[in-house]
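Data block for work29.pdb (PDB, C-alpha atoms):
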ATOM      1  CA  MET A   1       9.822  22.357 -73.240  1.00  0.00           C
ATOM      2  CA  GLY A   2      13.239  23.995 -73.325  1.00  0.00           C
ATOM      3  CA  LEU A   3      14.295  27.136 -75.161  1.00  0.00           C
ATOM      4  CA  PHE A   4      16.188  25.078 -77.759  1.00  0.00           C
ATOM      5  CA  THR A   5      13.062  23.069 -78.568  1.00  0.00           C
ATOM      6  CA  LYS A   6      10.915  26.196 -78.814  1.00  0.00           C
ATOM      7  CA  LEU A   7      13.391  27.807 -81.207  1.00  0.00           C
ATOM      8  CA  PHE A   8      13.896  24.912 -83.592  1.00  0.00           C
ATOM      9  CA  LEU A   9      10.721  22.861 -83.729  1.00  0.00           C
ATOM     10  CA  PRO A  10       8.249  24.013 -86.358  1.00  0.00           C
ATOM     11  CA  LYS A  11       4.966  25.413 -85.134  1.00  0.00           C
ATOM     12  CA  ARG A  12       2.312  22.719 -84.973  1.00  0.00           C
ATOM     13  CA  HIS A  13      -1.222  23.722 -85.926  1.00  0.00           C
ATOM     14  CA  ALA A  14      -4.472  22.095 -84.853  1.00  0.00           C
ATOM     15  CA  VAL A  15      -5.887  19.753 -87.503  1.00  0.00           C
ATOM     16  CA  GLU A  16      -9.242  21.542 -87.360  1.00  0.00           C
ATOM     17  CA  ASP A  17      -7.478  24.696 -88.619  1.00  0.00           C
ATOM     18  CA  SER A  18      -6.036  22.972 -91.707  1.00  0.00           C
ATOM     19  CA  GLY A  19      -8.821  23.975 -94.119  1.00  0.00           C
ATOM     20  CA  THR A  20      -8.687  27.610 -93.047  1.00  0.00           C
ATOM     21  CA  LEU A  21      -4.892  27.626 -93.341  1.00  0.00           C
ATOM     22  CA  LEU A  22      -5.006  26.087 -96.839  1.00  0.00           C
ATOM     23  CA  LEU A  23      -7.578  28.665 -97.985  1.00  0.00           C
ATOM     24  CA  ALA A  24      -5.560  31.541 -96.514  1.00  0.00           C
ATOM     25  CA  LEU A  25      -2.367  30.316 -98.184  1.00  0.00           C
ATOM     26  CA  GLY A  26      -4.190  30.055-101.517  1.00  0.00           C
ATOM     27  CA  ARG A  27      -5.435  33.627-101.225  1.00  0.00           C
ATOM     28  CA  LYS A  28      -1.986  34.847-100.173  1.00  0.00           C
ATOM     29  CA  ARG A  29      -0.439  33.200-103.261  1.00  0.00           C
ATOM     30  CA  GLY A  30      -3.066  34.688-105.597  1.00  0.00           C
ATOM     31  CA  LEU A  31      -5.383  31.714-106.140  1.00  0.00           C
ATOM     32  CA  SER A  32      -8.887  33.083-106.670  1.00  0.00           C
ATOM     33  CA  ASP A  33     -12.009  32.780-108.812  1.00  0.00           C
ATOM     34  CA  GLU A  34     -10.273  35.056-111.322  1.00  0.00           C
ATOM     35  CA  ASN A  35      -6.947  33.187-111.180  1.00  0.00           C
ATOM     36  CA  ARG A  36      -7.674  29.471-111.295  1.00  0.00           C
ATOM     37  CA  GLU A  37      -4.329  28.340-112.674  1.00  0.00           C
ATOM     38  CA  PRO A  38      -3.911  24.586-111.995  1.00  0.00           C
ATOM     39  CA  MET A  39      -0.165  24.751-111.444  1.00  0.00           C
ATOM     40  CA  LEU A  40      -0.620  27.603-108.958  1.00  0.00           C
ATOM     41  CA  ALA A  41      -3.143  25.471-107.056  1.00  0.00           C
ATOM     42  CA  TRP A  42      -0.632  22.603-107.068  1.00  0.00           C
ATOM     43  CA  ALA A  43       2.129  24.930-105.802  1.00  0.00           C
ATOM     44  CA  VAL A  44      -0.148  26.141-102.982  1.00  0.00           C
ATOM     45  CA  PHE A  45      -0.996  22.572-101.961  1.00  0.00           C
ATOM     46  CA  LYS A  46       2.665  21.567-102.112  1.00  0.00           C
ATOM     47  CA  GLU A  47       3.724  24.523 -99.947  1.00  0.00           C
ATOM     48  CA  PHE A  48       0.913  23.752 -97.494  1.00  0.00           C
ATOM     49  CA  CYS A  49       2.113  20.157 -97.149  1.00  0.00           C
ATOM     50  CA  LEU A  50       5.822  20.941 -96.895  1.00  0.00           C
ATOM     51  CA  GLU A  51       5.676  24.022 -94.678  1.00  0.00           C
ATOM     52  CA  TYR A  52       2.710  23.511 -92.332  1.00  0.00           C
ATOM     53  CA  HIS A  53       2.946  21.017 -89.475  1.00  0.00           C
ATOM     54  CA  PHE A  54       0.001  19.689 -87.483  1.00  0.00           C
ATOM     55  CA  GLN A  55      -0.696  18.151 -84.100  1.00  0.00           C
ATOM     56  CA  CYS A  56      -1.400  14.553 -85.090  1.00  0.00           C
ATOM     57  CA  ASP A  57       0.033  11.070 -84.827  1.00  0.00           C
ATOM     58  CA  ASP A  58       0.359  10.452 -88.572  1.00  0.00           C
ATOM     59  CA  ASP A  59       0.277  12.702 -91.611  1.00  0.00           C
ATOM     60  CA  ALA A  60       0.013  11.608 -95.257  1.00  0.00           C
ATOM     61  CA  VAL A  61      -0.622  13.103 -98.702  1.00  0.00           C
ATOM     62  CA  LEU A  62      -2.639  11.749-101.647  1.00  0.00           C
ATOM     63  CA  TRP A  63      -2.689  12.829-105.300  1.00  0.00           C
ATOM     64  CA  GLU A  64      -5.601  11.220-107.105  1.00  0.00           C
ATOM     65  CA  ILE A  65      -6.867  11.995-110.593  1.00  0.00           C
ATOM     66  CA  GLY A  66      -9.828  10.741-112.557  1.00  0.00           C
ATOM     67  CA  PRO A  67     -13.346  11.417-113.825  1.00  0.00           C
ATOM     68  CA  TYR A  68     -14.779  11.906-110.322  1.00  0.00           C
ATOM     69  CA  GLY A  69     -16.727  15.138-110.636  1.00  0.00           C
ATOM     70  CA  ARG A  70     -20.153  15.716-112.168  1.00  0.00           C
ATOM     71  CA  LEU A  71     -21.770  18.731-113.806  1.00  0.00           C
ATOM     72  CA  PRO A  72     -25.362  19.655-112.892  1.00  0.00           C
ATOM     73  CA  ASP A  73     -26.527  17.882-116.087  1.00  0.00           C
ATOM     74  CA  GLY A  74     -24.809  14.651-114.979  1.00  0.00           C
ATOM     75  CA  ARG A  75     -21.832  14.728-117.346  1.00  0.00           C
ATOM     76  CA  ARG A  76     -18.562  13.685-115.748  1.00  0.00           C
ATOM     77  CA  THR A  77     -15.669  16.054-115.219  1.00  0.00           C
ATOM     78  CA  PHE A  78     -11.999  15.348-114.725  1.00  0.00           C
ATOM     79  CA  GLN A  79     -10.711  16.028-111.230  1.00  0.00           C
ATOM     80  CA  TRP A  80      -7.500  16.293-109.276  1.00  0.00           C
ATOM     81  CA  HIS A  81      -8.194  15.325-105.690  1.00  0.00           C
ATOM     82  CA  LEU A  82      -5.336  16.599-103.495  1.00  0.00           C
ATOM     83  CA  VAL A  83      -5.626  15.304 -99.950  1.00  0.00           C
ATOM     84  CA  ARG A  84      -3.702  15.705 -96.739  1.00  0.00           C
ATOM     85  CA  GLN A  85      -4.734  13.091 -94.219  1.00  0.00           C
ATOM     86  CA  PHE A  86      -4.249  13.362 -90.465  1.00  0.00           C
ATOM     87  CA  ILE A  87      -4.548  10.463 -88.048  1.00  0.00           C
ATOM     88  CA  GLU A  88      -5.003  11.108 -84.378  1.00  0.00           C
ATOM     89  CA  GLY A  89      -5.250   8.538 -81.617  1.00  0.00           C
ATOM     90  CA  SER A  90      -5.944   4.921 -82.502  1.00  0.00           C
ATOM     91  CA  GLY A  91      -6.229   5.397 -86.253  1.00  0.00           C
ATOM     92  CA  GLU A  92      -9.830   4.177 -86.357  1.00  0.00           C
ATOM     93  CA  ASP A  93     -12.017   5.944 -88.918  1.00  0.00           C
ATOM     94  CA  GLU A  94     -13.290   8.460 -86.360  1.00  0.00           C
ATOM     95  CA  ASP A  95      -9.671   9.508 -85.745  1.00  0.00           C
ATOM     96  CA  ILE A  96      -8.936  10.283 -89.417  1.00  0.00           C
ATOM     97  CA  SER A  97      -9.444  13.762 -90.882  1.00  0.00           C
ATOM     98  CA  GLN A  98      -8.757  14.851 -94.435  1.00  0.00           C
ATOM     99  CA  VAL A  99      -8.315  18.338 -95.801  1.00  0.00           C
ATOM    100  CA  HIS A 100      -8.697  18.324 -99.568  1.00  0.00           C
ATOM    101  CA  LEU A 101      -8.217  20.658-102.484  1.00  0.00           C
ATOM    102  CA  ASP A 102     -10.364  19.465-105.369  1.00  0.00           C
ATOM    103  CA  LEU A 103      -9.592  20.821-108.824  1.00  0.00           C
ATOM    104  CA  THR A 104     -12.393  20.157-111.301  1.00  0.00           C
ATOM    105  CA  PHE A 105     -11.545  20.595-114.969  1.00  0.00           C
ATOM    106  CA  SER A 106     -13.695  20.941-118.069  1.00  0.00           C
ATOM    107  CA  GLU A 107     -15.496  17.811-119.075  1.00  0.00           C
ATOM    108  CA  ASP A 108     -13.714  17.533-122.428  1.00  0.00           C
ATOM    109  CA  VAL A 109     -10.575  15.749-121.225  1.00  0.00           C
ATOM    110  CA  GLY A 110     -11.065  13.112-123.899  1.00  0.00           C
ATOM    111  CA  GLU A 111      -9.708   9.891-122.529  1.00  0.00           C
ATOM    112  CA  GLU A 112     -10.372   8.690-119.030  1.00  0.00           C
ATOM    113  CA  ARG A 113      -7.319   8.598-116.799  1.00  0.00           C
ATOM    114  CA  ASN A 114      -7.107   7.378-113.254  1.00  0.00           C
ATOM    115  CA  ALA A 115      -4.110   7.497-110.963  1.00  0.00           C
ATOM    116  CA  ALA A 116      -3.423   7.635-107.251  1.00  0.00           C
ATOM    117  CA  VAL A 117      -0.179   8.147-105.354  1.00  0.00           C
ATOM    118  CA  TRP A 118       0.058   8.180-101.556  1.00  0.00           C
ATOM    119  CA  SER A 119       3.031   9.491 -99.621  1.00  0.00           C
ATOM    120  CA  TYR A 120       2.868   6.081 -97.900  1.00  0.00           C
ATOM    121  CA  ASP A 121       4.021   4.623-101.246  1.00  0.00           C
ATOM    122  CA  ILE A 122       7.230   6.650-100.849  1.00  0.00           C
ATOM    123  CA  GLU A 123       7.912   5.858 -97.199  1.00  0.00           C
ATOM    124  CA  GLY A 124       6.060   8.956 -96.004  1.00  0.00           C
ATOM    125  CA  ASP A 125       8.650  11.395 -97.356  1.00  0.00           C
ATOM    126  CA  PHE A 126       6.676  14.421 -98.569  1.00  0.00           C
ATOM    127  CA  ASN A 127       9.540  15.832-100.656  1.00  0.00           C
ATOM    128  CA  ALA A 128       9.971  12.485-102.417  1.00  0.00           C
ATOM    129  CA  PHE A 129       6.189  12.243-102.848  1.00  0.00           C
ATOM    130  CA  PHE A 130       5.967  15.595-104.658  1.00  0.00           C
ATOM    131  CA  ALA A 131       8.997  14.763-106.820  1.00  0.00           C
ATOM    132  CA  ALA A 132       7.461  11.399-107.777  1.00  0.00           C
ATOM    133  CA  VAL A 133       4.089  12.924-108.692  1.00  0.00           C
ATOM    134  CA  GLU A 134       5.681  15.737-110.709  1.00  0.00           C
ATOM    135  CA  ALA A 135       7.771  13.181-112.647  1.00  0.00           C
ATOM    136  CA  ARG A 136       4.669  11.297-113.848  1.00  0.00           C
ATOM    137  CA  SER A 137       3.535  11.773-117.448  1.00  0.00           C
ATOM    138  CA  ASP A 138      -0.081  12.317-116.335  1.00  0.00           C
ATOM    139  CA  PHE A 139       0.913  15.120-113.963  1.00  0.00           C
ATOM    140  CA  SER A 140       1.054  17.656-116.794  1.00  0.00           C
ATOM    141  CA  MET A 141      -2.364  16.698-118.146  1.00  0.00           C
ATOM    142  CA  PRO A 142      -4.328  19.731-116.874  1.00  0.00           C
ATOM    143  CA  ARG A 143      -2.336  22.212-118.938  1.00  0.00           C
ATOM    144  CA  GLY A 144      -4.481  23.620-121.696  1.00  0.00           C
ATOM    145  CA  ILE A 145      -7.836  22.529-120.301  1.00  0.00           C
ATOM    146  CA  THR A 146     -10.120  24.764-118.294  1.00  0.00           C
ATOM    147  CA  LEU A 147     -10.108  24.633-114.519  1.00  0.00           C
ATOM    148  CA  ARG A 148     -13.793  25.065-113.651  1.00  0.00           C
ATOM    149  CA  THR A 149     -13.584  25.059-109.865  1.00  0.00           C
ATOM    150  CA  ALA A 150     -11.160  24.716-106.993  1.00  0.00           C
ATOM    151  CA  SER A 151     -12.652  23.871-103.623  1.00  0.00           C
ATOM    152  CA  VAL A 152     -11.272  23.191-100.146  1.00  0.00           C
ATOM    153  CA  GLY A 153     -12.909  21.031 -97.513  1.00  0.00           C
ATOM    154  CA  LEU A 154     -12.120  19.335 -94.219  1.00  0.00           C
ATOM    155  CA  GLU A 155     -13.930  16.203 -93.155  1.00  0.00           C
ATOM    156  CA  LYS A 156     -13.738  13.158 -90.962  1.00  0.00           C
ATOM    157  CA  VAL A 157     -13.412   9.876 -92.825  1.00  0.00           C
TER     158      VAL A 157
END
Kindly return the structure encoded in the file as structure tokens.
Amino acid sequence: MGLFTKLFLPKRHAVEDSGTLLLALGRKRGLSDENREPMLAWAVFKEFCLEYHFQCDDDAVLWEIGPYGRLPDGRRTFQWHLVRQFIEGSGEDEDISQVHLDLTFSEDVGEERNAAVWSYDIEGDFNAFFAAVEARSDFSMPRGITLRTASVGLEKV
């Protein structure tokens, strides 16, 4: 690798470090148990996707919303499931990893809403993906309802 390449290519992180990096970025930006602002969590996820590069063959982002969470008593909660997916090698299931930031809101959302947008739907352009999601009418839905939890995980599909 030449000097030019070293100077101008973004640093590429190992996929297995993605969860730790997302957590660290969240802490650095002020996301905590005391500050569970949904739009701050979105901004952290967006920065993570636009600024961090990983060693993989394919990289995609998913924004999915719906009544996917459950309280201990069984009642459903509304959730934003923010996913960054990495494909390494052949693309078989064992080669797919996902780091996710799950935002679980209070159970009193009222009406059930479901939506999913993949960066694949926008030709893989992450900037266009975030612009498209932010332009949706259901993107602003979490404002005014309580964010109960925000959790980060990394798993193989």
- Task: With the file shown as input, list the residues that the PyMOL selection byres ((chain A and resi 114) around 8) selects, as a VMD selection string.
- Result: chain A and resid 64 to 67 112 to 113 115 to 116
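The residue that comes closest to Lys156 (chain A), out of A:Ser90, A:Gln55, A:Thr20, A:Ser97 and on the basis of all atoms listed in the file, is A:Ser97.
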- Item | Chain and number of each residue from the PyMOL selection byres ((chain A and resi 13) around 8), as a list in words | Lys11, Arg12, Ala14, Val15, Asp17, Ser18, Tyr52, His53, Phe54 and Gln55 of chain A
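Atom pair CA of Gln85 (chain A) / CA of His100 (chain A) has a distance of 8.5 Å (rounded to one decimal).
One distance worth recording is that between CA of Arg84 (chain A) and CA of Val61 (chain A), which is 4.5 Å.
Considering only C-alpha atoms, the residue among A:Ala135, A:Leu21, A:Ala150, A:Leu50 positioned nearest to Trp80 (chain A) is A:Ala150.
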- Would you list the contacts of Lys28 (chain A) as a ChimeraX atom specification, taking every protein, DNA or RNA residue within 12 Å and counting all atoms listed in the file, but skipping same-chain residues closer than 6 positions in sequence? /A:21-22,40-41,44,47-48
Write a file of the selected residues as a short mmCIF file (atom, residue, chain, number, x, y, z; two decimals), in the frame of the given file, keeping C-alpha atoms.
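Saved file again.cif follows:
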data_model
loop_
_atom_site.label_atom_id
_atom_site.label_comp_id
_atom_site.auth_asym_id
_atom_site.auth_seq_id
_atom_site.Cartn_x
_atom_site.Cartn_y
_atom_site.Cartn_z
CA LEU A 21 -4.89 27.63 -93.34
CA LEU A 22 -5.01 26.09 -96.84
CA LEU A 40 -0.62 27.60 -108.96
CA ALA A 41 -3.14 25.47 -107.06
CA VAL A 44 -0.15 26.14 -102.98
CA GLU A 47 3.72 24.52 -99.95
CA PHE A 48 0.91 23.75 -97.49
#
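A straight line drawn from CA of Val157 (chain A) to CA of Ala128 (chain A) is 25.4 Å long.
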- List the residues selected by the PyMOL selection byres ((chain A and resi 147) around 7) in the file shown, writing them as an MDAnalysis selection string. chainID A and resid 36 38 103:106 145:146 148:149
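Comparing the minimum interatomic distances between Ala131 (chain A) and each of A:Lys46, A:Asp58, A:Arg27, A:Glu37, counting only C-alpha atoms, we find that A:Lys46 sits nearest.
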Let me know the centre plus edge lengths, in Å and rounded to one decimal, of a box with edges along x, y and z that contains all listed atoms of region 82-96 of chain A and is padded by 6 Å on every side, as JSON.
{"center_x": -8.5, "center_y": 10.4, "center_z": -92.6, "size_x": 21.6, "size_y": 24.4, "size_z": 33.9}
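Using only C-alpha atoms for every distance, the candidate list A:Arg29, A:Arg75, A:Arg136, A:His81 yields A:His81 as the residue closest to Val152 (chain A).
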